[in-house]
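Undergrad: The structure that follows is given in the form of structure tokens.
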Amino acid sequence: QLQLVESGGGLVQPGGSLRLSCAASGFTFSYYAIGWFRQAPGKEREGVSCISSAGGSTVYADSVKSRFTISRDNAKNTVYLQMNSLKPEDTAVYYCAANKFYYCSGSVPLLTSDFGSWGQGTQVTISS
């Protein structure tokens with residue numbers, strides 16, 4: 001059974017850092033691009049970043065570019081999202097999702113319709 005499990009969320013002060021992890025099981029992880037999305041209260045789900053199946057191509061939303069870094073370890077079936085210089089507006093539930101293909105769309109915003117399976121999310125709160 002395909003499963004994606006996020007971890008690493010928490011409460012951090014502005015300017016701080018967090019690293020989220022997305023552990024996958026139940027499918028051939030290395031065949032698929034993986035994305036990170038987030039959803040703040042009262043807002044639509046927003047694409048944050050995506051990484052291709054082999055890790056050679058990445059996409060970032062303009063709001064996180066230069067602050068967030070996506071990476072993956074196919075030997076561990078895990079994707080990471082390193083988040084630096086965090087801002088209060090980064091507060092949201094963060095979800096990872098498996099793309100339907102091995103590549104990410106080359107443009108932003110990322111489309112939820114390109115992703116077929118989702119994790120349960122991890123809360124990230126940026127507050128002093």
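By order of appearance in the structure tokens: chains A, B, ..., then residues from 1 within every chain, and ligands from 1 in the order shown.
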Compile the contact shell of Phe27 (chain A) as a list in words: residues with an atom at most 6 Å away, counting only C-alpha atoms, same-chain residues fewer than 2 positions apart removed.

TA: Leu2, Ser25 and Phe29 of chain A

Undergrad: Compile the contact shell of region 103-110 of chain A as an mmCIF file with N, CA and C atoms, in the first residue's frame: residues with an atom at most 12 Å away, counting only C-alpha atoms, same-chain residues fewer than 4 positions apart removed.

TA:
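Contents of selection29.cif, as written:
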```cif
data_model
loop_
_atom_site.group_PDB
_atom_site.id
_atom_site.type_symbol
_atom_site.label_atom_id
_atom_site.label_comp_id
_atom_site.auth_asym_id
_atom_site.auth_seq_id
_atom_site.Cartn_x
_atom_site.Cartn_y
_atom_site.Cartn_z
ATOM 1 N N SER A 30 11.856 5.552 -6.529
ATOM 2 C CA SER A 30 12.820 6.185 -7.431
ATOM 3 C C SER A 30 12.256 6.456 -8.823
ATOM 4 N N TYR A 31 11.041 6.004 -9.086
ATOM 5 C CA TYR A 31 10.419 6.228 -10.392
ATOM 6 C C TYR A 31 9.663 7.560 -10.463
ATOM 7 N N TYR A 32 9.409 8.175 -9.319
ATOM 8 C CA TYR A 32 8.468 9.287 -9.293
ATOM 9 C C TYR A 32 9.058 10.578 -8.733
ATOM 10 N N ALA A 33 8.681 11.687 -9.349
ATOM 11 C CA ALA A 33 8.964 12.988 -8.750
ATOM 12 C C ALA A 33 8.136 13.145 -7.480
ATOM 13 N N ILE A 34 8.646 13.912 -6.547
ATOM 14 C CA ILE A 34 7.973 14.154 -5.277
ATOM 15 C C ILE A 34 7.861 15.660 -5.049
ATOM 16 N N GLY A 35 6.730 16.072 -4.543
ATOM 17 C CA GLY A 35 6.532 17.496 -4.288
ATOM 18 C C GLY A 35 6.188 17.778 -2.844
ATOM 19 N N TRP A 36 6.406 19.011 -2.458
ATOM 20 C CA TRP A 36 5.958 19.525 -1.157
ATOM 21 C C TRP A 36 4.940 20.630 -1.413
ATOM 22 N N PHE A 37 3.866 20.568 -0.675
ATOM 23 C CA PHE A 37 2.823 21.585 -0.693
ATOM 24 C C PHE A 37 2.593 22.071 0.732
ATOM 25 N N ARG A 38 1.902 23.187 0.862
ATOM 26 C CA ARG A 38 1.526 23.662 2.184
ATOM 27 C C ARG A 38 0.154 24.301 2.125
ATOM 28 N N ARG A 45 -4.342 25.099 -0.895
ATOM 29 C CA ARG A 45 -3.071 24.389 -0.866
ATOM 30 C C ARG A 45 -2.141 24.974 -1.928
ATOM 31 N N GLU A 46 -0.897 25.210 -1.522
ATOM 32 C CA GLU A 46 0.070 25.902 -2.368
ATOM 33 C C GLU A 46 1.274 25.000 -2.618
ATOM 34 N N GLY A 47 1.694 24.914 -3.865
ATOM 35 C CA GLY A 47 2.893 24.153 -4.180
ATOM 36 C C GLY A 47 4.131 24.881 -3.705
ATOM 37 N N VAL A 48 5.033 24.162 -3.047
ATOM 38 C CA VAL A 48 6.254 24.754 -2.507
ATOM 39 C C VAL A 48 7.471 24.378 -3.348
ATOM 40 N N SER A 49 7.604 23.072 -3.607
ATOM 41 C CA SER A 49 8.784 22.607 -4.315
ATOM 42 C C SER A 49 8.526 21.221 -4.877
ATOM 43 N N CYS A 50 9.339 20.850 -5.855
ATOM 44 C CA CYS A 50 9.228 19.527 -6.458
ATOM 45 C C CYS A 50 10.621 19.078 -6.882
ATOM 46 N N ILE A 51 10.862 17.765 -6.803
ATOM 47 C CA ILE A 51 12.146 17.215 -7.222
ATOM 48 C C ILE A 51 11.889 16.015 -8.125
ATOM 49 N N SER A 52 12.644 15.921 -9.195
ATOM 50 C CA SER A 52 12.458 14.838 -10.148
ATOM 51 C C SER A 52 12.891 13.502 -9.544
ATOM 52 N N SER A 53 12.584 12.431 -10.244
ATOM 53 C CA SER A 53 12.805 11.089 -9.698
ATOM 54 C C SER A 53 14.265 10.827 -9.338
ATOM 55 N N ALA A 54 15.180 11.286 -10.159
ATOM 56 C CA ALA A 54 16.604 11.056 -9.890
ATOM 57 C C ALA A 54 17.235 12.202 -9.112
ATOM 58 N N GLY A 55 16.470 13.240 -8.873
ATOM 59 C CA GLY A 55 16.974 14.363 -8.091
ATOM 60 C C GLY A 55 17.710 15.423 -8.885
ATOM 61 N N GLY A 56 17.750 15.288 -10.180
ATOM 62 C CA GLY A 56 18.538 16.216 -10.977
ATOM 63 C C GLY A 56 17.846 17.507 -11.333
ATOM 64 N N SER A 57 16.552 17.569 -11.096
ATOM 65 C CA SER A 57 15.788 18.763 -11.445
ATOM 66 C C SER A 57 14.888 19.147 -10.289
ATOM 67 N N THR A 58 14.873 20.432 -9.967
ATOM 68 C CA THR A 58 14.040 20.929 -8.877
ATOM 69 C C THR A 58 13.276 22.174 -9.314
ATOM 70 N N VAL A 59 12.159 22.389 -8.648
ATOM 71 C CA VAL A 59 11.311 23.555 -8.893
ATOM 72 C C VAL A 59 10.928 24.147 -7.544
ATOM 73 N N TYR A 60 10.898 25.475 -7.473
ATOM 74 C CA TYR A 60 10.526 26.147 -6.235
ATOM 75 C C TYR A 60 9.518 27.254 -6.519
ATOM 76 N N ALA A 61 8.594 27.423 -5.582
ATOM 77 C CA ALA A 61 7.730 28.585 -5.619
ATOM 78 C C ALA A 61 8.579 29.835 -5.372
ATOM 79 N N ASP A 62 8.182 30.933 -5.975
ATOM 80 C CA ASP A 62 8.950 32.173 -5.817
ATOM 81 C C ASP A 62 9.061 32.582 -4.351
ATOM 82 N N SER A 63 8.038 32.287 -3.575
ATOM 83 C CA SER A 63 8.003 32.705 -2.172
ATOM 84 C C SER A 63 9.039 32.006 -1.303
ATOM 85 N N VAL A 64 9.587 30.883 -1.776
ATOM 86 C CA VAL A 64 10.538 30.127 -0.958
ATOM 87 C C VAL A 64 11.905 29.992 -1.624
ATOM 88 N N LYS A 65 12.012 30.437 -2.853
ATOM 89 C CA LYS A 65 13.266 30.304 -3.588
ATOM 90 C C LYS A 65 14.387 30.975 -2.816
ATOM 91 N N ALA A 97 3.839 14.794 -1.584
ATOM 92 C CA ALA A 97 2.961 14.105 -2.527
ATOM 93 C C ALA A 97 3.788 13.486 -3.641
ATOM 94 N N ALA A 98 3.318 12.352 -4.124
ATOM 95 C CA ALA A 98 3.979 11.666 -5.224
ATOM 96 C C ALA A 98 3.390 12.122 -6.552
ATOM 97 N N ASN A 99 4.269 12.601 -7.423
ATOM 98 C CA ASN A 99 3.824 13.006 -8.754
ATOM 99 C C ASN A 99 3.406 11.777 -9.560
ATOM 100 N N ASP A 114 -1.341 17.175 -10.647
ATOM 101 C CA ASP A 114 -0.206 16.394 -11.128
ATOM 102 C C ASP A 114 0.243 15.340 -10.122
ATOM 103 N N PHE A 115 -0.315 15.378 -8.937
ATOM 104 C CA PHE A 115 0.138 14.519 -7.844
ATOM 105 C C PHE A 115 -0.988 13.574 -7.441
#
```

Undergrad: CA of Phe101 (chain A) and CA of Ser7 (chain A) are how many Å apart?

TA: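 The value is 23.8 Å.
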
Undergrad: As number ranges by chain, please: all residues of chain A that backbone DSSP puts in helix (DSSP H, G or I).

TA: A: 29-31, 88-90, 112-114

Undergrad: Only C-alpha atoms, please: the residues just picked out, written as a PDB file, in the first residue's frame.

TA:
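Just written: out.pdb:
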```
ATOM      1  CA  PHE A  29       9.981   5.524  -5.010  1.00  0.00           C
ATOM      2  CA  SER A  30      12.820   6.185  -7.431  1.00  0.00           C
ATOM      3  CA  TYR A  31      10.419   6.228 -10.392  1.00  0.00           C
ATOM      4  CA  PRO A  88       5.608  33.829   9.976  1.00  0.00           C
ATOM      5  CA  GLU A  89       3.958  33.521   6.556  1.00  0.00           C
ATOM      6  CA  ASP A  90       5.559  30.082   6.174  1.00  0.00           C
ATOM      7  CA  THR A 112      -2.196  19.459  -7.198  1.00  0.00           C
ATOM      8  CA  SER A 113      -3.712  17.553 -10.124  1.00  0.00           C
ATOM      9  CA  ASP A 114      -0.206  16.394 -11.128  1.00  0.00           C
TER      10      ASP A 114
END
```

Undergrad: Considering only C-alpha atoms, state which residue in the set A:Val79, A:Lys100, A:Leu20, A:Lys87 is at the smallest distance from Gly116 (chain A).

TA: A:Lys100

Undergrad: One decimal, in Å: what's the spacing between CA of Gly42 (chain A) and CA of Gln120 (chain A)?

TA: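 Separation between CA of Gly42 (chain A) and CA of Gln120 (chain A): 17.8 Å.
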